[in-house]
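> Structure: entry.cif, mmCIF, C-alpha atoms.
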data_protein
loop_
_atom_site.group_PDB
_atom_site.id
_atom_site.type_symbol
_atom_site.label_atom_id
_atom_site.label_comp_id
_atom_site.auth_asym_id
_atom_site.auth_seq_id
_atom_site.Cartn_x
_atom_site.Cartn_y
_atom_site.Cartn_z
ATOM 1 C CA MET A 6 -12.390 31.898 -4.207
ATOM 2 C CA ALA A 7 -15.476 33.107 -2.372
ATOM 3 C CA THR A 8 -15.459 36.157 -0.190
ATOM 4 C CA ARG A 9 -17.747 37.227 2.613
ATOM 5 C CA GLU A 10 -18.137 40.105 4.982
ATOM 6 C CA ILE A 11 -17.332 39.564 8.648
ATOM 7 C CA ALA A 12 -17.231 42.354 11.213
ATOM 8 C CA GLY A 13 -17.291 44.961 8.469
ATOM 9 C CA LYS A 14 -14.383 43.478 6.534
ATOM 10 C CA THR A 15 -14.372 41.474 3.342
ATOM 11 C CA VAL A 16 -12.336 38.284 3.678
ATOM 12 C CA GLN A 17 -11.645 35.239 1.535
ATOM 13 C CA VAL A 18 -13.266 31.995 2.666
ATOM 14 C CA ASN A 19 -13.519 28.441 1.324
ATOM 15 C CA ASP A 20 -16.784 26.581 0.799
ATOM 16 C CA GLU A 21 -16.795 25.389 4.423
ATOM 17 C CA GLY A 22 -16.477 28.932 5.717
ATOM 18 C CA PHE A 23 -12.844 28.714 6.812
ATOM 19 C CA MET A 24 -10.803 31.818 6.056
ATOM 20 C CA THR A 25 -8.092 31.143 3.512
ATOM 21 C CA ASN A 26 -5.834 34.098 4.217
ATOM 22 C CA PRO A 27 -4.821 34.237 7.895
ATOM 23 C CA LYS A 28 -3.444 37.762 7.359
ATOM 24 C CA GLU A 29 -6.979 39.086 6.841
ATOM 25 C CA TRP A 30 -7.956 38.001 10.356
ATOM 26 C CA ASP A 31 -8.344 40.272 13.352
ATOM 27 C CA LYS A 32 -9.882 40.032 16.820
ATOM 28 C CA ASP A 33 -13.220 41.549 15.769
ATOM 29 C CA ILE A 34 -13.535 38.852 13.137
ATOM 30 C CA ALA A 35 -12.806 36.217 15.810
ATOM 31 C CA VAL A 36 -15.577 37.587 18.037
ATOM 32 C CA SER A 37 -17.985 37.675 15.121
ATOM 33 C CA ILE A 38 -17.270 34.096 13.978
ATOM 34 C CA ALA A 39 -17.467 32.886 17.584
ATOM 35 C CA HIS A 40 -20.994 34.346 17.770
ATOM 36 C CA GLU A 41 -21.956 32.477 14.606
ATOM 37 C CA GLU A 42 -20.558 29.295 16.133
ATOM 38 C CA GLY A 43 -22.663 29.719 19.245
ATOM 39 C CA ILE A 44 -19.995 31.101 21.575
ATOM 40 C CA ALA A 45 -21.412 34.286 23.068
ATOM 41 C CA ASP A 46 -18.298 35.511 24.868
ATOM 42 C CA LEU A 47 -14.643 34.951 24.178
ATOM 43 C CA THR A 48 -13.065 34.693 27.627
ATOM 44 C CA PRO A 49 -9.328 34.807 28.418
ATOM 45 C CA ALA A 50 -9.438 30.981 28.375
ATOM 46 C CA HIS A 51 -10.726 31.081 24.795
ATOM 47 C CA TRP A 52 -8.104 33.637 23.782
ATOM 48 C CA LYS A 53 -5.311 31.537 25.232
ATOM 49 C CA VAL A 54 -6.248 28.764 22.799
ATOM 50 C CA ILE A 55 -6.881 31.119 19.869
ATOM 51 C CA ASP A 56 -3.543 32.863 20.397
ATOM 52 C CA PHE A 57 -1.774 29.520 20.528
ATOM 53 C CA CYS A 58 -3.434 28.370 17.297
ATOM 54 C CA ARG A 59 -2.508 31.603 15.497
ATOM 55 C CA GLN A 60 1.062 31.304 16.675
ATOM 56 C CA ASP A 61 1.322 27.577 15.909
ATOM 57 C CA ALA A 62 -0.110 27.950 12.427
ATOM 58 C CA GLY A 63 2.488 30.567 11.543
ATOM 59 C CA ALA A 64 2.572 31.694 7.971
ATOM 60 C CA ASP A 65 1.019 28.698 6.195
ATOM 61 C CA GLY A 66 -2.248 28.920 8.116
ATOM 62 C CA LYS A 67 -2.347 25.228 9.048
ATOM 63 C CA ALA A 68 -4.359 24.821 12.213
ATOM 64 C CA PRO A 69 -3.135 22.510 15.001
ATOM 65 C CA THR A 70 -5.074 19.330 15.794
ATOM 66 C CA LEU A 71 -6.907 19.008 19.092
ATOM 67 C CA ARG A 72 -4.243 16.719 20.517
ATOM 68 C CA ARG A 73 -1.529 19.192 19.591
ATOM 69 C CA ILE A 74 -3.465 21.986 21.308
ATOM 70 C CA THR A 75 -3.973 19.969 24.499
ATOM 71 C CA THR A 76 -0.414 18.627 24.718
ATOM 72 C CA VAL A 77 1.306 21.952 24.011
ATOM 73 C CA THR A 78 -0.954 24.398 25.871
ATOM 74 C CA GLY A 79 -1.856 22.108 28.775
ATOM 75 C CA VAL A 80 -5.566 22.909 28.310
ATOM 76 C CA SER A 81 -7.357 19.605 28.967
ATOM 77 C CA THR A 82 -9.496 17.782 26.429
ATOM 78 C CA LYS A 83 -12.483 18.267 28.734
ATOM 79 C CA ASP A 84 -11.908 22.023 28.910
ATOM 80 C CA MET A 85 -11.499 22.225 25.146
ATOM 81 C CA PHE A 86 -14.895 20.587 24.633
ATOM 82 C CA ALA A 87 -16.374 22.965 27.222
ATOM 83 C CA LEU A 88 -14.818 26.085 25.661
ATOM 84 C CA PHE A 89 -15.526 25.150 22.044
ATOM 85 C CA PRO A 90 -18.367 22.603 22.131
ATOM 86 C CA LYS A 91 -19.118 20.229 19.253
ATOM 87 C CA GLY A 92 -15.790 19.872 17.520
ATOM 88 C CA PRO A 93 -13.273 22.071 19.366
ATOM 89 C CA ALA A 94 -10.323 21.914 16.950
ATOM 90 C CA LYS A 95 -12.438 22.794 13.919
ATOM 91 C CA LYS A 96 -14.281 25.507 15.782
ATOM 92 C CA VAL A 97 -11.201 27.188 17.176
ATOM 93 C CA ALA A 98 -9.532 26.989 13.754
ATOM 94 C CA LYS A 99 -12.465 28.764 12.162
ATOM 95 C CA ILE A 100 -12.521 31.452 14.862
ATOM 96 C CA SER A 101 -8.761 31.888 14.521
ATOM 97 C CA GLY A 102 -9.035 32.492 10.781
ATOM 98 C CA LEU A 103 -7.139 29.325 9.909
ATOM 99 C CA GLY A 104 -7.804 26.356 7.650
ATOM 100 C CA LYS A 105 -9.449 23.150 8.830
ATOM 101 C CA PRO A 106 -7.080 21.086 10.993
ATOM 102 C CA GLU A 107 -5.680 18.042 9.231
ATOM 103 C CA GLY A 108 -4.683 14.786 10.908
ATOM 104 C CA CYS A 109 -6.457 12.015 12.766
ATOM 105 C CA VAL A 110 -5.477 12.931 16.324
ATOM 106 C CA MET B 2 -73.614 35.454 23.725
ATOM 107 C CA ALA B 3 -73.181 35.226 20.010
ATOM 108 C CA THR B 4 -71.910 38.798 19.764
ATOM 109 C CA GLU B 5 -69.455 38.191 22.572
ATOM 110 C CA LEU B 6 -68.048 35.233 20.738
ATOM 111 C CA ALA B 7 -67.802 37.230 17.557
ATOM 112 C CA GLN B 8 -65.545 39.699 19.323
ATOM 113 C CA VAL B 9 -63.052 37.026 20.259
ATOM 114 C CA PRO B 10 -60.121 37.569 17.939
ATOM 115 C CA ALA B 11 -59.398 34.755 15.563
ATOM 116 C CA PRO B 12 -56.685 32.494 16.907
ATOM 117 C CA ILE B 13 -53.328 33.212 15.406
ATOM 118 C CA VAL B 14 -52.284 30.203 13.415
ATOM 119 C CA GLN B 15 -48.698 29.438 14.276
ATOM 120 C CA PRO B 16 -46.685 27.661 11.638
ATOM 121 C CA ALA B 17 -45.706 24.196 12.841
ATOM 122 C CA PRO B 18 -42.263 24.422 14.409
ATOM 123 C CA ALA B 19 -39.608 22.926 12.184
ATOM 124 C CA ALA B 20 -38.674 19.481 13.414
ATOM 125 C CA GLU B 21 -35.661 19.969 15.651
ATOM 126 C CA GLU B 22 -32.624 18.626 13.941
ATOM 127 C CA LYS B 23 -31.307 15.617 15.821
ATOM 128 C CA PRO B 24 -27.529 15.652 16.148
ATOM 129 C CA ARG B 25 -25.735 12.922 14.224
ATOM 130 C CA HIS B 26 -24.880 9.923 16.411
ATOM 131 C CA VAL B 27 -22.380 7.173 15.626
ATOM 132 C CA ALA B 28 -22.195 4.000 17.713
ATOM 133 C CA PHE B 29 -19.296 1.565 17.601
ATOM 134 C CA ILE B 30 -19.410 -2.049 18.722
ATOM 135 C CA CYS B 31 -15.907 -3.175 19.694
ATOM 136 C CA SER B 32 -15.774 -6.958 19.716
ATOM 137 C CA LYS B 33 -12.030 -7.559 19.356
ATOM 138 C CA GLY B 34 -9.146 -7.082 21.726
ATOM 139 C CA ASN B 35 -6.209 -7.229 19.317
ATOM 140 C CA LEU B 36 -4.052 -4.127 19.298
ATOM 141 C CA ASP B 37 -4.771 -3.448 15.628
ATOM 142 C CA MET B 38 -8.514 -3.838 16.203
ATOM 143 C CA ALA B 39 -8.577 -1.480 19.186
ATOM 144 C CA TYR B 40 -7.602 1.578 17.195
ATOM 145 C CA PRO B 41 -10.347 1.814 14.536
ATOM 146 C CA ALA B 42 -13.143 2.790 16.950
ATOM 147 C CA LEU B 43 -10.814 5.102 18.859
ATOM 148 C CA VAL B 44 -9.631 6.919 15.735
ATOM 149 C CA MET B 45 -13.088 7.164 14.167
ATOM 150 C CA GLY B 46 -14.755 7.987 17.461
ATOM 151 C CA TRP B 47 -12.272 10.790 18.047
ATOM 152 C CA ALA B 48 -12.849 12.081 14.521
ATOM 153 C CA ALA B 49 -16.598 11.991 15.135
ATOM 154 C CA LEU B 50 -16.292 13.990 18.366
ATOM 155 C CA GLY B 51 -14.101 16.443 16.489
ATOM 156 C CA ASN B 52 -16.956 16.941 14.040
ATOM 157 C CA GLY B 53 -19.530 17.541 16.724
ATOM 158 C CA ILE B 54 -21.062 14.058 16.383
ATOM 159 C CA ASP B 55 -22.360 12.130 19.422
ATOM 160 C CA VAL B 56 -20.401 8.931 20.079
ATOM 161 C CA THR B 57 -21.375 5.732 21.885
ATOM 162 C CA ILE B 58 -19.068 2.709 22.180
ATOM 163 C CA PHE B 59 -20.259 -0.732 23.252
ATOM 164 C CA PHE B 60 -17.491 -3.138 24.286
ATOM 165 C CA THR B 61 -18.319 -6.812 23.943
ATOM 166 C CA PHE B 62 -16.385 -10.078 24.158
ATOM 167 C CA TRP B 63 -12.653 -9.484 23.623
ATOM 168 C CA GLY B 64 -13.399 -5.836 22.946
ATOM 169 C CA LEU B 65 -13.681 -5.535 26.741
ATOM 170 C CA ASP B 66 -9.860 -5.772 26.851
ATOM 171 C CA ILE B 67 -9.788 -2.185 25.568
ATOM 172 C CA ILE B 68 -11.419 -0.915 28.762
ATOM 173 C CA THR B 69 -10.142 -3.533 31.237
ATOM 174 C CA LYS B 70 -7.486 -2.040 33.564
ATOM 175 C CA LYS B 71 -5.369 -5.197 33.649
ATOM 176 C CA ARG B 72 -5.359 -5.654 29.882
ATOM 177 C CA VAL B 73 -5.534 -2.274 28.166
ATOM 178 C CA ASP B 74 -1.776 -1.700 28.371
ATOM 179 C CA SER B 75 -0.901 -5.137 27.034
ATOM 180 C CA LEU B 76 -3.014 -5.481 23.878
ATOM 181 C CA GLN B 77 -1.102 -7.444 21.272
ATOM 182 C CA ILE B 78 -0.934 -8.137 17.581
ATOM 183 C CA SER B 79 0.061 -11.633 16.467
ATOM 184 C CA PRO B 80 1.765 -12.439 13.166
ATOM 185 C CA ILE B 81 0.224 -15.931 13.281
ATOM 186 C CA GLY B 82 -2.394 -16.294 10.600
ATOM 187 C CA ASN B 83 -2.132 -12.585 9.804
ATOM 188 C CA THR B 84 -1.883 -12.591 6.025
ATOM 189 C CA SER B 85 -1.562 -8.815 5.900
ATOM 190 C CA MET B 86 1.855 -8.899 7.527
ATOM 191 C CA LYS B 87 3.304 -10.298 4.278
ATOM 192 C CA MET B 88 6.067 -12.169 6.059
ATOM 193 C CA GLY B 89 6.828 -13.915 2.769
ATOM 194 C CA ASP B 90 7.641 -10.584 1.123
ATOM 195 C CA MET B 91 10.323 -10.048 3.758
ATOM 196 C CA GLY B 92 11.753 -13.475 3.013
ATOM 197 C CA ILE B 93 10.469 -14.866 6.303
ATOM 198 C CA PRO B 94 8.625 -18.185 6.099
ATOM 199 C CA ASN B 95 5.203 -18.278 7.747
ATOM 200 C CA ILE B 96 6.320 -20.854 10.298
ATOM 201 C CA VAL B 97 8.571 -18.226 11.921
ATOM 202 C CA ALA B 98 5.421 -16.454 13.104
ATOM 203 C CA ALA B 99 4.843 -19.312 15.515
ATOM 204 C CA ILE B 100 8.241 -18.960 17.222
ATOM 205 C CA PRO B 101 7.890 -17.819 20.842
ATOM 206 C CA GLY B 102 8.409 -14.076 21.142
ATOM 207 C CA MET B 103 7.176 -13.172 17.659
ATOM 208 C CA THR B 104 3.918 -11.735 18.996
ATOM 209 C CA ASN B 105 5.916 -9.516 21.347
ATOM 210 C CA ILE B 106 8.109 -8.359 18.493
ATOM 211 C CA SER B 107 5.209 -7.462 16.203
ATOM 212 C CA THR B 108 3.395 -5.758 19.083
ATOM 213 C CA ARG B 109 6.460 -3.687 19.906
ATOM 214 C CA MET B 110 6.833 -2.752 16.241
ATOM 215 C CA MET B 111 3.248 -1.575 15.993
ATOM 216 C CA ASN B 112 3.437 0.389 19.246
ATOM 217 C CA GLN B 113 6.633 2.086 18.077
ATOM 218 C CA LYS B 114 5.087 3.013 14.735
ATOM 219 C CA MET B 115 2.019 4.445 16.432
ATOM 220 C CA GLU B 116 4.174 6.451 18.817
ATOM 221 C CA ALA B 117 6.234 7.805 15.923
ATOM 222 C CA LEU B 118 3.006 9.025 14.316
ATOM 223 C CA GLY B 119 2.009 10.780 17.526
ATOM 224 C CA VAL B 120 -0.876 8.383 18.137
ATOM 225 C CA PRO B 121 -1.481 7.976 21.862
ATOM 226 C CA PRO B 122 -1.471 4.553 23.542
ATOM 227 C CA VAL B 123 -4.883 2.874 23.877
ATOM 228 C CA ARG B 124 -5.423 3.765 27.542
ATOM 229 C CA GLU B 125 -4.800 7.450 26.884
ATOM 230 C CA TYR B 126 -6.917 7.381 23.724
ATOM 231 C CA VAL B 127 -9.869 5.914 25.642
ATOM 232 C CA GLN B 128 -9.512 8.707 28.212
ATOM 233 C CA MET B 129 -9.474 11.333 25.452
ATOM 234 C CA LEU B 130 -12.747 9.964 24.110
ATOM 235 C CA VAL B 131 -14.316 9.987 27.563
ATOM 236 C CA ASP B 132 -13.150 13.576 28.101
ATOM 237 C CA GLY B 133 -14.569 14.479 24.715
ATOM 238 C CA GLY B 134 -17.993 13.229 25.779
ATOM 239 C CA ALA B 135 -18.129 9.729 24.270
ATOM 240 C CA LYS B 136 -20.354 7.295 26.188
ATOM 241 C CA LEU B 137 -18.724 3.936 26.931
ATOM 242 C CA TYR B 138 -20.641 0.804 27.890
ATOM 243 C CA ALA B 139 -19.657 -2.790 28.696
ATOM 244 C CA CYS B 140 -21.736 -5.711 27.429
ATOM 245 C CA LYS B 141 -23.520 -7.493 30.271
ATOM 246 C CA MET B 142 -23.324 -10.980 28.835
ATOM 247 C CA SER B 143 -19.573 -10.716 28.193
ATOM 248 C CA VAL B 144 -18.964 -9.188 31.614
ATOM 249 C CA ASP B 145 -20.825 -12.091 33.251
ATOM 250 C CA MET B 146 -19.016 -14.639 31.107
ATOM 251 C CA MET B 147 -15.593 -13.233 31.984
ATOM 252 C CA GLY B 148 -16.442 -12.661 35.640
ATOM 253 C CA LEU B 149 -15.738 -8.915 35.428
ATOM 254 C CA GLY B 150 -17.301 -5.926 37.213
ATOM 255 C CA MET B 151 -17.224 -2.120 37.020
ATOM 256 C CA ASP B 152 -14.129 -2.139 39.287
ATOM 257 C CA ASP B 153 -12.196 -3.927 36.559
ATOM 258 C CA PHE B 154 -12.743 -1.128 34.058
ATOM 259 C CA VAL B 155 -10.821 2.061 33.435
ATOM 260 C CA GLU B 156 -12.373 5.311 34.582
ATOM 261 C CA GLY B 157 -15.020 6.761 32.340
ATOM 262 C CA VAL B 158 -16.923 3.582 31.496
ATOM 263 C CA ASP B 159 -20.546 4.556 32.041
ATOM 264 C CA SER B 160 -22.144 1.246 32.986
ATOM 265 C CA ILE B 161 -22.755 -2.400 32.153
ATOM 266 C CA VAL B 162 -25.729 -2.744 29.819
ATOM 267 C CA THR B 163 -27.543 -5.455 27.891
ATOM 268 C CA ALA B 164 -27.626 -5.684 24.114
ATOM 269 C CA GLY B 165 -31.234 -4.547 24.301
ATOM 270 C CA ASP B 166 -30.269 -1.431 26.269
ATOM 271 C CA PHE B 167 -27.649 -0.686 23.632
ATOM 272 C CA MET B 168 -30.282 -0.926 20.903
ATOM 273 C CA ASP B 169 -32.504 1.496 22.829
ATOM 274 C CA MET B 170 -29.766 4.040 23.362
ATOM 275 C CA THR B 171 -28.613 3.956 19.741
ATOM 276 C CA ASP B 172 -32.025 4.525 18.181
ATOM 277 C CA GLY B 173 -31.395 6.432 14.964
ATOM 278 C CA ALA B 174 -27.592 6.175 15.264
ATOM 279 C CA GLN B 175 -25.227 4.874 12.634
ATOM 280 C CA ILE B 176 -23.730 1.646 13.959
ATOM 281 C CA VAL B 177 -20.243 0.411 13.127
ATOM 282 C CA PHE B 178 -19.244 -3.136 14.104
ATOM 283 C CA ILE B 179 -15.564 -3.787 14.650
#
Take the structure in the file and write it out as structure tokens.

Amino acid sequence: MATREIAGKTVQVNDEGFMTNPKEWDKDIAVSIAHEEGIADLTPAHWKVIDFCRQDAGADGKAPTLRRITTVTGVSTKDMFALFPKGPAKKVAKISGLGKPEGCV
Amino acid sequence: MATELAQVPAPIVQPAPAAEEKPRHVAFICSKGNLDMAYPALVMGWAALGNGIDVTIFFTFWGLDIITKKRVDSLQISPIGNTSMKMGDMGIPNIVAAIPGMTNISTRMMNQKMEALGVPPVREYVQMLVDGGAKLYACKMSVDMMGLGMDDFVEGVDSIVTAGDFMDMTDGAQIVFI
């Protein structure tokens, strides 16, 4: 398992850069990964989605799909693509320190 | 004059800028209006958007049913001539497929299975793709043939374009025909 340093902490990541241990995650790491993904500022709207993903993933670290995020949180598909452009579910999963979302919707 | 020129600093040679990476672009041509043939482009298009890939969908011939208001909620799948349904394996002779009502039954079965899997109905799926930034176009020749217009289409369809326009707008894209 590869490791890398994010926001001054060493964390375990897979070959696609997704963190493999959600317990190693913290908010500084989220901000740092968001920067790498081209999101300059994490607004309350971003945090609402990140918090939901963290909560939904629970202990096993499985990230929710985009459709699950939109149906449960009420954040629209359009807003998700605006908040996390170019692949919202994958992007928010990475920022939230979770694995890649699985599932076709 | 010559000395003046000599004092001009040598131009700084800039390295050629790296060719800007063009985002990946996948284009789907939807030519069929059967329920089971509506989903492939929707599922793959949604997956593409989820991976940050640009998506264009061109609806032609019966594929227009997928974006036609009056038809999108009543797409069907027929057991007639559908060898994949394996009616024989269930002990049902092929001729039963032709009994009135069988198309409704198989359509209901497929819709129920999709719902159980959490797959949205076609109309909602199309809207998701539009919201995700997919570009949807209707084929001009088919639209003319079927006597349709923009008013007949669900919201989010960009415009009616010719096959030539489609070729122009998908330059460099990967094209999937369904």
> Using Å and a single decimal, report how far atom CA of Val56 of chain B sits from atom CA of Val27 of chain B.
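Separation between atom CA of Val27 of chain B and atom CA of Val56 of chain B: 5.2 Å.
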> Rank B:Leu36, B:Ile96, B:Gly148, B:Asp74 by their smallest atom-to-atom distance to Glu125 of chain B, using all atoms listed in the file, and report the top residue only.
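Of B:Leu36, B:Ile96, B:Gly148, B:Asp74, the one nearest Glu125 of chain B is B:Asp74, counting all atoms listed in the file.
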> Which residues would end up in the selection if the PyMOL selection byres ((chain A and resi 97-108) around 6) were applied here, given that I need the answer as a PDB file with C-alpha atoms, keeping the file's coordinate frame?

ATOM      1  CA  PHE A  23     -12.844  28.714   6.812  1.00  0.00           C
ATOM      2  CA  MET A  24     -10.803  31.818   6.056  1.00  0.00           C
ATOM      3  CA  PRO A  27      -4.821  34.237   7.895  1.00  0.00           C
ATOM      4  CA  TRP A  30      -7.956  38.001  10.356  1.00  0.00           C
ATOM      5  CA  ALA A  35     -12.806  36.217  15.810  1.00  0.00           C
ATOM      6  CA  ILE A  38     -17.270  34.096  13.978  1.00  0.00           C
ATOM      7  CA  ALA A  39     -17.467  32.886  17.584  1.00  0.00           C
ATOM      8  CA  ILE A  55      -6.881  31.119  19.869  1.00  0.00           C
ATOM      9  CA  GLY A  66      -2.248  28.920   8.116  1.00  0.00           C
ATOM     10  CA  LYS A  67      -2.347  25.228   9.048  1.00  0.00           C
ATOM     11  CA  ALA A  68      -4.359  24.821  12.213  1.00  0.00           C
ATOM     12  CA  PRO A  69      -3.135  22.510  15.001  1.00  0.00           C
ATOM     13  CA  THR A  70      -5.074  19.330  15.794  1.00  0.00           C
ATOM     14  CA  PRO A  93     -13.273  22.071  19.366  1.00  0.00           C
ATOM     15  CA  ALA A  94     -10.323  21.914  16.950  1.00  0.00           C
ATOM     16  CA  LYS A  95     -12.438  22.794  13.919  1.00  0.00           C
ATOM     17  CA  LYS A  96     -14.281  25.507  15.782  1.00  0.00           C
ATOM     18  CA  CYS A 109      -6.457  12.015  12.766  1.00  0.00           C
ATOM     19  CA  VAL A 110      -5.477  12.931  16.324  1.00  0.00           C
TER      20      VAL A 110
END
> Determine, for each residue of chain A having at least one atom at most 6 Å from an atom of chain B, the closest pair of atoms and their separation in Å to one decimal, counting all atoms listed in the file; order by chain and ascending number, as a Markdown table.

| residue | atom | partner | partner_atom | distance |
| --- | --- | --- | --- | --- |
| A:Thr82 | CA | B:Asp132 | CA | 5.8 |
| A:Lys83 | CA | B:Asp132 | CA | 4.8 |
| A:Lys91 | CA | B:Gly53 | CA | 3.7 |
| A:Gly92 | CA | B:Gly51 | CA | 4.0 |
> I'd like the interatomic distance between atom CA of Val36 of chain A and atom CA of Ala135 of chain B, to a tenth of an Å.
28.7 Å
> What's around Phe154 of chain B at 10 Å? Count all atoms listed in the file, leave out sequence neighbours fewer than 4 positions away in its own chain, and write the answer as a PyMOL selection string.
chain B and resi 65-73+139+149-150+158-160
> I would like the residues chosen by the PyMOL selection byres ((chain B and resi 105) around 12) on the shown file; could you give them as a ChimeraX atom specification?
/B:36,75-81,98-104,106-112
> Neighbours of Gln17 of chain A within 6 Å (all atoms listed in the file; same-chain residues fewer than 5 positions away dropped), as a ChimeraX atom specification?
/A:7-8,24-25
> Please save C-alpha atoms of the selected residues as a PDB file, keeping the file's coordinate frame.

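Written out: selection_10.pdb:
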ATOM      1  CA  ALA A   7     -15.476  33.107  -2.372  1.00  0.00           C
ATOM      2  CA  THR A   8     -15.459  36.157  -0.190  1.00  0.00           C
ATOM      3  CA  MET A  24     -10.803  31.818   6.056  1.00  0.00           C
ATOM      4  CA  THR A  25      -8.092  31.143   3.512  1.00  0.00           C
TER       5      THR A  25
END
> Reconstruct segment 15-30 of chain A at the level of N, CA, C and O atoms, and format the result as an mmCIF file, in the frame of the given file.

data_model
loop_
_atom_site.group_PDB
_atom_site.id
_atom_site.type_symbol
_atom_site.label_atom_id
_atom_site.label_comp_id
_atom_site.auth_asym_id
_atom_site.auth_seq_id
_atom_site.Cartn_x
_atom_site.Cartn_y
_atom_site.Cartn_z
ATOM 1 N N THR A 15 -14.172 42.525 4.337
ATOM 2 C CA THR A 15 -14.372 41.474 3.342
ATOM 3 C C THR A 15 -13.160 40.548 3.369
ATOM 4 O O THR A 15 -12.022 41.001 3.256
ATOM 5 N N VAL A 16 -13.440 39.244 3.589
ATOM 6 C CA VAL A 16 -12.336 38.284 3.678
ATOM 7 C C VAL A 16 -12.595 37.104 2.750
ATOM 8 O O VAL A 16 -13.736 36.838 2.355
ATOM 9 N N GLN A 17 -11.511 36.413 2.402
ATOM 10 C CA GLN A 17 -11.645 35.239 1.535
ATOM 11 C C GLN A 17 -11.949 34.003 2.386
ATOM 12 O O GLN A 17 -11.312 33.794 3.417
ATOM 13 N N VAL A 18 -12.914 33.228 1.943
ATOM 14 C CA VAL A 18 -13.266 31.995 2.666
ATOM 15 C C VAL A 18 -13.409 30.836 1.672
ATOM 16 O O VAL A 18 -13.652 31.055 0.490
ATOM 17 N N ASN A 19 -13.270 29.604 2.177
ATOM 18 C CA ASN A 19 -13.519 28.441 1.324
ATOM 19 C C ASN A 19 -14.983 28.021 1.471
ATOM 20 O O ASN A 19 -15.752 28.663 2.193
ATOM 21 N N ASP A 20 -15.358 26.940 0.802
ATOM 22 C CA ASP A 20 -16.784 26.581 0.799
ATOM 23 C C ASP A 20 -17.281 26.076 2.153
ATOM 24 O O ASP A 20 -18.477 25.935 2.355
ATOM 25 N N GLU A 21 -16.366 25.790 3.078
ATOM 26 C CA GLU A 21 -16.795 25.389 4.423
ATOM 27 C C GLU A 21 -16.782 26.567 5.399
ATOM 28 O O GLU A 21 -17.026 26.395 6.595
ATOM 29 N N GLY A 22 -16.455 27.737 4.878
ATOM 30 C CA GLY A 22 -16.477 28.932 5.717
ATOM 31 C C GLY A 22 -15.191 29.219 6.471
ATOM 32 O O GLY A 22 -15.153 30.113 7.313
ATOM 33 N N PHE A 23 -14.134 28.437 6.173
ATOM 34 C CA PHE A 23 -12.844 28.714 6.812
ATOM 35 C C PHE A 23 -12.134 29.808 6.027
ATOM 36 O O PHE A 23 -12.121 29.782 4.797
ATOM 37 N N MET A 24 -11.546 30.768 6.732
ATOM 38 C CA MET A 24 -10.803 31.818 6.056
ATOM 39 C C MET A 24 -9.567 31.218 5.394
ATOM 40 O O MET A 24 -8.944 30.310 5.930
ATOM 41 N N THR A 25 -9.227 31.721 4.232
ATOM 42 C CA THR A 25 -8.092 31.143 3.512
ATOM 43 C C THR A 25 -6.848 32.020 3.588
ATOM 44 O O THR A 25 -5.766 31.579 3.223
ATOM 45 N N ASN A 26 -7.004 33.248 4.056
ATOM 46 C CA ASN A 26 -5.834 34.098 4.217
ATOM 47 C C ASN A 26 -5.745 34.571 5.672
ATOM 48 O O ASN A 26 -6.438 35.500 6.075
ATOM 49 N N PRO A 27 -4.876 33.913 6.467
ATOM 50 C CA PRO A 27 -4.821 34.237 7.895
ATOM 51 C C PRO A 27 -4.461 35.702 8.153
ATOM 52 O O PRO A 27 -4.740 36.226 9.233
ATOM 53 N N LYS A 28 -3.852 36.354 7.162
ATOM 54 C CA LYS A 28 -3.444 37.762 7.359
ATOM 55 C C LYS A 28 -4.654 38.693 7.402
ATOM 56 O O LYS A 28 -4.570 39.816 7.890
ATOM 57 N N GLU A 29 -5.778 38.240 6.852
ATOM 58 C CA GLU A 29 -6.979 39.086 6.841
ATOM 59 C C GLU A 29 -7.712 39.072 8.190
ATOM 60 O O GLU A 29 -8.659 39.806 8.394
ATOM 61 N N TRP A 30 -7.273 38.199 9.069
ATOM 62 C CA TRP A 30 -7.956 38.001 10.356
ATOM 63 C C TRP A 30 -7.650 39.115 11.358
ATOM 64 O O TRP A 30 -6.547 39.670 11.370
#
